[in-house]
Amino acid sequence: MTDVALIPAFVNPGSGNSEKARGALASSGRFDIREIQPDRLEEDIREVVKAGAKRILVAGGDGSIRAGAGAIRDDDVELAVLPAGTLNHFAIDNGIPTDLAEAAKVGAGTATATVDVGYAGDRIFLNTSSIGAYVTFVRLRDRLEKRFGYRFASLIAMIRIFVMMPTVGVQIEVDGAVQTYRTPLVFIGVGERELQLPSLGRRVRGGRRGLHVFVLRGRKRARLFVVALAAVARGVDTVRRMPDLDAFLVEHCTIDMKHRQARVAFDGEIETMDLPLEYRIERDSMRIVVPEPRPTEAEAPPTALES
């Protein structure tokens, strides 16, 4: 990539900050801005990569970023991120500024790093995947969002899930041992994950690598409410020791159910997947654009008093 080359930048027009994203990218002058609907995102990214692009930028939420990652996963292409969604877990976890103008500067910069990604079958995910109550929650929230907005729709959906408390029967194979559960939720994160506010769902800073698998056991509302409160108040280390939750940190695992297919959430997006479903982590398999490292004290330029 030369200094004069414009970086293909793909903006999801349906993301919450799409107009601000376009403005930040246009002000930079370093990007070829393209408004692309989510259902065409992967196809259009593959076209520019085939034409020779060595870096692409995706502006949107975690679902759009995941689609961009899926499009370049077999190519030596760098992924830049402009966090224009609602939660932006992937950007925050990797130190990318949530200020769009600053993120655009990062996206045009020279610093890169490799990151681990998760796979479920042939589907890539960057943050989390889940089966069970969260899938139902997302479907309810999406149905209510146009009427009530994202946050209020999320609250209504959460209350409905708590009242319904749907469960699924799953078999999980970890390290050759198969365990059977009747559970409201199976949650799988790329890297060690936190359940404590305000970093709910984000990677544990300096945490261990691997797939972090959580399985809630039982469906008694009162007891699961205690688990949820413990997670919020004291974090994942406390919950991990509770008898209502099994947790594993693994390189791969297999999930099966009595049905041939299941609806599975990947980074907030729902897909129907064939079972059994093989999960695995691929370490350092994707290169992303990150902020320039801050100079250490020894490397910092002298101040006016020192010079």
# chains A, B, ... in the order shown; residues from 1 in each chain; ligands from 1
>>> residues_around(residues="Arg160 of chain A", least_positions_apart="5", cutoff="12 Å", atoms="only C-alpha atoms", output="number ranges by chain")
A: 133-134, 136-141, 144, 153-155, 165-166
>>> residues_around(residues="segment 83-95 of chain A", least_positions_apart="2", cutoff="6 Å", atoms="only C-alpha atoms", output="list in words")
Ser15, Gly16, Asn17, Ala59, Gly60, Gly61, Asp62 and Thr98 of chain A
>>> write_last_selection(atoms="N, CA and C atoms", output="PDB file, in the first residue's frame")
ATOM      1  N   SER A  15     -26.015   1.360  10.109  1.00  0.00           N
ATOM      2  CA  SER A  15     -25.411   1.446  11.436  1.00  0.00           C
ATOM      3  C   SER A  15     -25.789   2.761  12.096  1.00  0.00           C
ATOM      4  N   GLY A  16     -25.727   2.779  13.419  1.00  0.00           N
ATOM      5  CA  GLY A  16     -26.211   3.931  14.176  1.00  0.00           C
ATOM      6  C   GLY A  16     -25.492   5.227  13.886  1.00  0.00           C
ATOM      7  N   ASN A  17     -24.219   5.167  13.490  1.00  0.00           N
ATOM      8  CA  ASN A  17     -23.422   6.374  13.267  1.00  0.00           C
ATOM      9  C   ASN A  17     -22.888   6.452  11.842  1.00  0.00           C
ATOM     10  N   ALA A  59     -16.745   0.120   8.401  1.00  0.00           N
ATOM     11  CA  ALA A  59     -17.393   1.008   9.371  1.00  0.00           C
ATOM     12  C   ALA A  59     -18.755   0.435   9.705  1.00  0.00           C
ATOM     13  N   GLY A  60     -18.946   0.104  10.967  1.00  0.00           N
ATOM     14  CA  GLY A  60     -20.216  -0.472  11.403  1.00  0.00           C
ATOM     15  C   GLY A  60     -20.070  -1.086  12.768  1.00  0.00           C
ATOM     16  N   GLY A  61     -21.037  -1.912  13.150  1.00  0.00           N
ATOM     17  CA  GLY A  61     -20.990  -2.597  14.426  1.00  0.00           C
ATOM     18  C   GLY A  61     -20.264  -3.923  14.314  1.00  0.00           C
ATOM     19  N   ASP A  62     -20.322  -4.699  15.388  1.00  0.00           N
ATOM     20  CA  ASP A  62     -19.590  -5.962  15.426  1.00  0.00           C
ATOM     21  C   ASP A  62     -20.031  -6.926  14.325  1.00  0.00           C
ATOM     22  N   THR A  98     -13.098   4.842  20.029  1.00  0.00           N
ATOM     23  CA  THR A  98     -14.505   4.937  19.641  1.00  0.00           C
ATOM     24  C   THR A  98     -14.822   6.297  19.029  1.00  0.00           C
TER      25      THR A  98
END
>>> select_by_dssp(residues="segment 52-162 of chain A", states="strand (DSSP E or B)", output="PDB file with C-alpha atoms, in the first residue's frame")
ATOM      1  CA  ARG A  55      -6.088  -3.183   3.379  1.00  0.00           C
ATOM      2  CA  ILE A  56      -9.806  -2.593   3.753  1.00  0.00           C
ATOM      3  CA  LEU A  57     -11.768  -0.658   6.343  1.00  0.00           C
ATOM      4  CA  VAL A  58     -15.215  -1.601   7.634  1.00  0.00           C
ATOM      5  CA  ALA A  59     -17.393   1.008   9.371  1.00  0.00           C
ATOM      6  CA  GLY A  60     -20.216  -0.472  11.403  1.00  0.00           C
ATOM      7  CA  GLU A  78      -5.265  -6.011   6.750  1.00  0.00           C
ATOM      8  CA  LEU A  79      -8.585  -5.131   8.394  1.00  0.00           C
ATOM      9  CA  ALA A  80      -9.139  -1.596   9.688  1.00  0.00           C
ATOM     10  CA  VAL A  81     -12.140  -0.901  11.900  1.00  0.00           C
ATOM     11  CA  LEU A  82     -14.275   2.219  12.324  1.00  0.00           C
ATOM     12  CA  PRO A  83     -16.560   1.455  15.312  1.00  0.00           C
ATOM     13  CA  THR A 112      -0.821  -3.630  12.782  1.00  0.00           C
ATOM     14  CA  ALA A 113      -1.249  -6.649  15.052  1.00  0.00           C
ATOM     15  CA  THR A 114      -2.491 -10.203  14.709  1.00  0.00           C
ATOM     16  CA  VAL A 115      -5.548 -11.444  16.608  1.00  0.00           C
ATOM     17  CA  ASP A 116      -7.185 -14.778  17.364  1.00  0.00           C
ATOM     18  CA  VAL A 117     -10.525 -15.591  15.765  1.00  0.00           C
ATOM     19  CA  GLY A 118     -13.120 -18.255  16.460  1.00  0.00           C
ATOM     20  CA  TYR A 119     -14.799 -20.618  14.038  1.00  0.00           C
ATOM     21  CA  ALA A 120     -18.009 -22.600  14.308  1.00  0.00           C
ATOM     22  CA  ARG A 123     -18.430 -19.485  10.188  1.00  0.00           C
ATOM     23  CA  ILE A 124     -15.985 -16.991  11.631  1.00  0.00           C
ATOM     24  CA  PHE A 125     -16.677 -14.959  14.778  1.00  0.00           C
ATOM     25  CA  THR A 128     -18.790 -14.377  21.049  1.00  0.00           C
ATOM     26  CA  SER A 129     -21.150 -17.098  19.935  1.00  0.00           C
ATOM     27  CA  SER A 130     -24.114 -18.480  21.862  1.00  0.00           C
ATOM     28  CA  ILE A 131     -26.964 -20.953  21.774  1.00  0.00           C
ATOM     29  CA  GLY A 132     -30.177 -20.735  23.788  1.00  0.00           C
TER      30      GLY A 132
END
>>> closest_residue(among="A:Gln261, A:Arg40, A:Val186, A:Leu249", to="Leu211 of chain A", atoms="only C-alpha atoms")
A:Leu249
>>> residues_around(residues="segment 271-274 of chain A", least_positions_apart="4", cutoff="7 Å", atoms="only C-alpha atoms", output="ChimeraX atom specification")
/A:260-265
>>> write_last_selection(atoms="C-alpha atoms", output="PDB file, in the first residue's frame")
ATOM      1  CA  ARG A 260     -30.339 -31.469  12.971  1.00  0.00           C
ATOM      2  CA  GLN A 261     -30.070 -27.678  13.033  1.00  0.00           C
ATOM      3  CA  ALA A 262     -29.972 -24.875  15.599  1.00  0.00           C
ATOM      4  CA  ARG A 263     -30.138 -21.099  15.552  1.00  0.00           C
ATOM      5  CA  VAL A 264     -26.792 -19.747  16.714  1.00  0.00           C
ATOM      6  CA  ALA A 265     -25.678 -16.201  17.516  1.00  0.00           C
TER       7      ALA A 265
END
>>> residues_around(residues="Gln171 of chain A", least_positions_apart="4", cutoff="6 Å", atoms="only C-alpha atoms", output="JSON, numbers by chain")
{"A": [179, 180, 255, 256]}
>>> write_last_selection(atoms="N, CA and C atoms", output="mmCIF file, in the first residue's frame")
data_model
loop_
_atom_site.group_PDB
_atom_site.id
_atom_site.type_symbol
_atom_site.label_atom_id
_atom_site.label_comp_id
_atom_site.auth_asym_id
_atom_site.auth_seq_id
_atom_site.Cartn_x
_atom_site.Cartn_y
_atom_site.Cartn_z
ATOM 1 N N GLN A 179 -20.374 -34.107 27.947
ATOM 2 C CA GLN A 179 -21.274 -33.799 29.045
ATOM 3 C C GLN A 179 -22.613 -33.354 28.470
ATOM 4 N N THR A 180 -23.692 -33.750 29.138
ATOM 5 C CA THR A 180 -25.049 -33.426 28.697
ATOM 6 C C THR A 180 -25.658 -32.402 29.637
ATOM 7 N N ILE A 255 -20.498 -29.054 19.912
ATOM 8 C CA ILE A 255 -21.835 -28.916 20.501
ATOM 9 C C ILE A 255 -22.826 -29.658 19.618
ATOM 10 N N ASP A 256 -23.665 -30.469 20.255
ATOM 11 C CA ASP A 256 -24.676 -31.226 19.531
ATOM 12 C C ASP A 256 -26.001 -31.133 20.279
#
>>> residues_around(residues="Arg182 of chain A", least_positions_apart="4", cutoff="7 Å", atoms="only C-alpha atoms", output="mmCIF file with C-alpha atoms, in the first residue's frame")
data_model
loop_
_atom_site.group_PDB
_atom_site.id
_atom_site.type_symbol
_atom_site.label_atom_id
_atom_site.label_comp_id
_atom_site.auth_asym_id
_atom_site.auth_seq_id
_atom_site.Cartn_x
_atom_site.Cartn_y
_atom_site.Cartn_z
ATOM 1 C CA THR A 167 -33.913 -24.101 27.750
ATOM 2 C CA VAL A 168 -32.193 -26.337 25.223
ATOM 3 C CA GLY A 169 -30.718 -29.797 25.569
ATOM 4 C CA VAL A 170 -27.080 -29.908 24.459
ATOM 5 C CA ARG A 217 -27.199 -25.353 34.433
ATOM 6 C CA GLY A 218 -30.861 -25.568 35.419
#
>>> residues_around(residues="Val250 of chain A", least_positions_apart="6", cutoff="8 Å", atoms="only C-alpha atoms", output="list in words")
Val174, Asp175, Gly210, Leu211, His212 and Val213 of chain A
>>> atom_distance(atom1="atom CA of Ile33 of chain A", atom2="atom CA of Leu6 of chain A")
9.1 Å
>>> select_by_dssp(residues="segment 44-256 of chain A", states="helix (DSSP H, G or I)", output="compact mmCIF listing (two decimals) with N, CA and C atoms, in the first residue's frame")
# COMPACT_ATOMS: atom_id res chain seq x y z
N ASP A 44 -18.64 -7.60 -1.99
CA ASP A 44 -17.96 -6.40 -2.48
C ASP A 44 -16.52 -6.32 -1.96
N ILE A 45 -16.31 -6.75 -0.71
CA ILE A 45 -14.94 -6.75 -0.17
C ILE A 45 -14.07 -7.74 -0.95
N ARG A 46 -14.61 -8.91 -1.25
CA ARG A 46 -13.85 -9.89 -2.02
C ARG A 46 -13.45 -9.34 -3.39
N GLU A 47 -14.32 -8.53 -3.98
CA GLU A 47 -14.01 -7.96 -5.29
C GLU A 47 -12.82 -7.01 -5.22
N VAL A 48 -12.77 -6.16 -4.20
CA VAL A 48 -11.65 -5.21 -4.11
C VAL A 48 -10.36 -5.93 -3.73
N VAL A 49 -10.48 -7.00 -2.93
CA VAL A 49 -9.30 -7.78 -2.59
C VAL A 49 -8.76 -8.48 -3.84
N LYS A 50 -9.66 -9.02 -4.64
CA LYS A 50 -9.25 -9.67 -5.89
C LYS A 50 -8.58 -8.67 -6.82
N ASP A 62 -20.32 -4.70 15.39
CA ASP A 62 -19.59 -5.96 15.43
C ASP A 62 -20.03 -6.93 14.32
N GLY A 63 -21.32 -6.90 13.96
CA GLY A 63 -21.79 -7.77 12.89
C GLY A 63 -21.15 -7.44 11.56
N SER A 64 -21.02 -6.15 11.25
CA SER A 64 -20.38 -5.73 10.00
C SER A 64 -18.89 -6.06 10.01
N ILE A 65 -18.24 -5.85 11.16
CA ILE A 65 -16.82 -6.16 11.27
C ILE A 65 -16.59 -7.65 11.04
N ARG A 66 -17.48 -8.46 11.61
CA ARG A 66 -17.37 -9.92 11.41
C ARG A 66 -17.50 -10.27 9.92
N ALA A 67 -18.44 -9.63 9.21
CA ALA A 67 -18.60 -9.90 7.78
C ALA A 67 -17.33 -9.53 7.02
N GLY A 68 -16.72 -8.41 7.39
CA GLY A 68 -15.47 -8.03 6.75
C GLY A 68 -14.36 -9.04 7.00
N ALA A 69 -14.30 -9.52 8.25
CA ALA A 69 -13.29 -10.53 8.59
C ALA A 69 -13.52 -11.81 7.79
N GLY A 70 -14.79 -12.19 7.61
CA GLY A 70 -15.09 -13.38 6.84
C GLY A 70 -14.67 -13.26 5.39
N ALA A 71 -14.74 -12.03 4.85
CA ALA A 71 -14.40 -11.83 3.44
C ALA A 71 -12.90 -11.93 3.18
N ILE A 72 -12.07 -11.60 4.19
CA ILE A 72 -10.61 -11.56 3.96
C ILE A 72 -9.88 -12.71 4.64
N HIS A 89 -17.71 -4.03 20.63
CA HIS A 89 -16.84 -4.79 21.51
C HIS A 89 -15.47 -5.05 20.89
N PHE A 90 -15.45 -5.44 19.61
CA PHE A 90 -14.19 -5.82 18.98
C PHE A 90 -13.22 -4.64 18.95
N ALA A 91 -13.71 -3.47 18.58
CA ALA A 91 -12.85 -2.29 18.54
C ALA A 91 -12.32 -1.96 19.93
N ILE A 92 -13.19 -1.94 20.91
CA ILE A 92 -12.77 -1.59 22.27
C ILE A 92 -11.77 -2.59 22.80
N ASP A 93 -12.02 -3.88 22.57
CA ASP A 93 -11.10 -4.92 23.06
C ASP A 93 -9.71 -4.78 22.46
N LEU A 100 -14.76 8.60 16.16
CA LEU A 100 -14.66 8.18 14.76
C LEU A 100 -13.52 8.88 14.02
N ALA A 101 -13.28 10.14 14.32
CA ALA A 101 -12.17 10.83 13.66
C ALA A 101 -10.83 10.20 14.04
N GLU A 102 -10.68 9.86 15.32
CA GLU A 102 -9.45 9.22 15.77
C GLU A 102 -9.32 7.81 15.18
N ALA A 103 -10.45 7.10 15.10
CA ALA A 103 -10.41 5.76 14.52
C ALA A 103 -10.04 5.80 13.04
N ALA A 104 -10.48 6.84 12.33
CA ALA A 104 -10.11 6.99 10.93
C ALA A 104 -8.60 7.20 10.79
N LYS A 105 -8.01 7.98 11.71
CA LYS A 105 -6.55 8.16 11.69
C LYS A 105 -5.83 6.83 11.91
N VAL A 106 -6.35 6.05 12.84
CA VAL A 106 -5.76 4.73 13.09
C VAL A 106 -5.86 3.87 11.84
N GLY A 107 -7.03 3.90 11.19
CA GLY A 107 -7.26 3.07 10.01
C GLY A 107 -6.34 3.39 8.86
N ALA A 133 -30.90 -18.92 25.22
CA ALA A 133 -31.69 -17.75 25.57
C ALA A 133 -31.25 -16.50 24.83
N TYR A 134 -29.93 -16.35 24.60
CA TYR A 134 -29.47 -15.13 23.94
C TYR A 134 -29.99 -15.03 22.51
N VAL A 135 -30.10 -16.16 21.84
CA VAL A 135 -30.65 -16.16 20.48
C VAL A 135 -32.09 -15.67 20.50
N THR A 136 -32.87 -16.18 21.45
CA THR A 136 -34.26 -15.72 21.59
C THR A 136 -34.30 -14.24 21.93
N PHE A 137 -33.40 -13.81 22.81
CA PHE A 137 -33.32 -12.40 23.20
C PHE A 137 -33.07 -11.51 21.98
N VAL A 138 -32.11 -11.87 21.12
CA VAL A 138 -31.78 -11.05 19.95
C VAL A 138 -32.97 -10.97 19.01
N ARG A 139 -33.65 -12.09 18.79
CA ARG A 139 -34.81 -12.09 17.88
C ARG A 139 -35.92 -11.20 18.42
N LEU A 140 -36.18 -11.26 19.73
CA LEU A 140 -37.19 -10.38 20.32
C LEU A 140 -36.78 -8.92 20.24
N ARG A 141 -35.52 -8.65 20.58
CA ARG A 141 -35.04 -7.27 20.55
C ARG A 141 -35.13 -6.67 19.16
N ASP A 142 -34.71 -7.42 18.14
CA ASP A 142 -34.76 -6.91 16.77
C ASP A 142 -36.20 -6.63 16.33
N ARG A 143 -37.13 -7.46 16.78
CA ARG A 143 -38.53 -7.27 16.42
C ARG A 143 -39.11 -6.02 17.08
N LEU A 144 -38.60 -5.67 18.28
CA LEU A 144 -39.14 -4.55 19.04
C LEU A 144 -38.39 -3.24 18.79
N GLU A 145 -37.20 -3.34 18.20
CA GLU A 145 -36.33 -2.17 18.14
C GLU A 145 -36.92 -1.01 17.35
N LYS A 146 -37.61 -1.27 16.24
CA LYS A 146 -38.16 -0.18 15.44
C LYS A 146 -39.23 0.60 16.19
N ARG A 147 -39.93 -0.07 17.11
CA ARG A 147 -40.99 0.61 17.86
C ARG A 147 -40.47 1.32 19.10
N PHE A 148 -39.44 0.73 19.76
CA PHE A 148 -39.04 1.24 21.07
C PHE A 148 -37.61 1.74 21.14
N TYR A 150 -33.27 0.80 20.56
CA TYR A 150 -32.41 -0.33 20.92
C TYR A 150 -32.44 -0.63 22.41
N ARG A 151 -32.23 0.38 23.26
CA ARG A 151 -32.06 0.11 24.69
C ARG A 151 -33.36 -0.34 25.34
N PHE A 152 -34.48 0.32 25.02
CA PHE A 152 -35.74 -0.08 25.64
C PHE A 152 -36.18 -1.43 25.10
N ALA A 153 -35.95 -1.69 23.81
CA ALA A 153 -36.27 -3.00 23.24
C ALA A 153 -35.46 -4.09 23.92
N SER A 154 -34.18 -3.80 24.24
CA SER A 154 -33.34 -4.77 24.93
C SER A 154 -33.90 -5.08 26.31
N LEU A 155 -34.37 -4.04 27.02
CA LEU A 155 -34.93 -4.25 28.36
C LEU A 155 -36.18 -5.11 28.30
N ILE A 156 -37.08 -4.80 27.35
CA ILE A 156 -38.32 -5.59 27.22
C ILE A 156 -37.99 -7.04 26.88
N ALA A 157 -37.06 -7.23 25.96
CA ALA A 157 -36.69 -8.59 25.56
C ALA A 157 -36.08 -9.36 26.72
N MET A 158 -35.26 -8.67 27.53
CA MET A 158 -34.64 -9.33 28.67
C MET A 158 -35.69 -9.78 29.68
N ILE A 159 -36.67 -8.94 29.94
CA ILE A 159 -37.74 -9.29 30.88
C ILE A 159 -38.53 -10.49 30.36
N ARG A 160 -38.84 -10.49 29.07
CA ARG A 160 -39.60 -11.61 28.49
C ARG A 160 -38.81 -12.92 28.59
N ILE A 161 -37.50 -12.83 28.33
CA ILE A 161 -36.67 -14.03 28.41
C ILE A 161 -36.66 -14.56 29.84
N PHE A 162 -36.57 -13.66 30.80
CA PHE A 162 -36.52 -14.08 32.20
C PHE A 162 -37.82 -14.77 32.60
N VAL A 163 -38.94 -14.27 32.08
CA VAL A 163 -40.24 -14.89 32.39
C VAL A 163 -40.36 -16.25 31.69
N MET A 164 -39.98 -16.31 30.42
CA MET A 164 -40.10 -17.55 29.64
C MET A 164 -39.07 -18.60 30.07
N ARG A 221 -35.59 -19.73 38.05
CA ARG A 221 -35.37 -18.30 37.83
C ARG A 221 -34.64 -17.65 39.00
N ALA A 222 -35.05 -17.98 40.21
CA ALA A 222 -34.45 -17.34 41.38
C ALA A 222 -32.95 -17.63 41.44
N ARG A 223 -32.57 -18.89 41.19
CA ARG A 223 -31.16 -19.24 41.28
C ARG A 223 -30.36 -18.61 40.15
N LEU A 224 -30.91 -18.59 38.94
CA LEU A 224 -30.21 -17.97 37.82
C LEU A 224 -30.09 -16.46 38.01
N PHE A 225 -31.08 -15.87 38.68
CA PHE A 225 -31.00 -14.45 38.99
C PHE A 225 -29.84 -14.18 39.95
N VAL A 226 -29.62 -15.08 40.91
CA VAL A 226 -28.49 -14.96 41.82
C VAL A 226 -27.18 -15.05 41.05
N VAL A 227 -27.11 -15.98 40.09
CA VAL A 227 -25.90 -16.11 39.26
C VAL A 227 -25.65 -14.82 38.49
N ALA A 228 -26.72 -14.26 37.90
CA ALA A 228 -26.58 -13.02 37.13
C ALA A 228 -26.10 -11.87 38.02
N LEU A 229 -26.69 -11.76 39.21
CA LEU A 229 -26.27 -10.70 40.13
C LEU A 229 -24.81 -10.87 40.55
N ALA A 230 -24.42 -12.11 40.79
CA ALA A 230 -23.03 -12.36 41.17
C ALA A 230 -22.08 -11.98 40.05
N ALA A 231 -22.48 -12.27 38.82
CA ALA A 231 -21.65 -11.92 37.66
C ALA A 231 -21.48 -10.42 37.56
N VAL A 232 -22.59 -9.69 37.73
CA VAL A 232 -22.54 -8.23 37.61
C VAL A 232 -21.76 -7.62 38.76
N ALA A 233 -21.96 -8.14 39.97
CA ALA A 233 -21.36 -7.52 41.14
C ALA A 233 -19.89 -7.89 41.33
N ARG A 234 -19.55 -9.13 41.04
CA ARG A 234 -18.21 -9.59 41.40
C ARG A 234 -17.42 -10.19 40.25
N VAL A 236 -16.53 -12.63 36.65
CA VAL A 236 -16.53 -14.01 36.19
C VAL A 236 -15.81 -14.95 37.12
N ASP A 237 -14.78 -14.47 37.83
CA ASP A 237 -14.05 -15.36 38.73
C ASP A 237 -14.96 -15.91 39.82
N THR A 238 -15.87 -15.07 40.32
CA THR A 238 -16.81 -15.53 41.33
C THR A 238 -17.81 -16.51 40.75
N VAL A 239 -18.36 -16.18 39.59
CA VAL A 239 -19.37 -17.04 38.97
C VAL A 239 -18.79 -18.39 38.59
N ARG A 240 -17.54 -18.39 38.15
CA ARG A 240 -16.91 -19.64 37.73
C ARG A 240 -16.90 -20.66 38.87
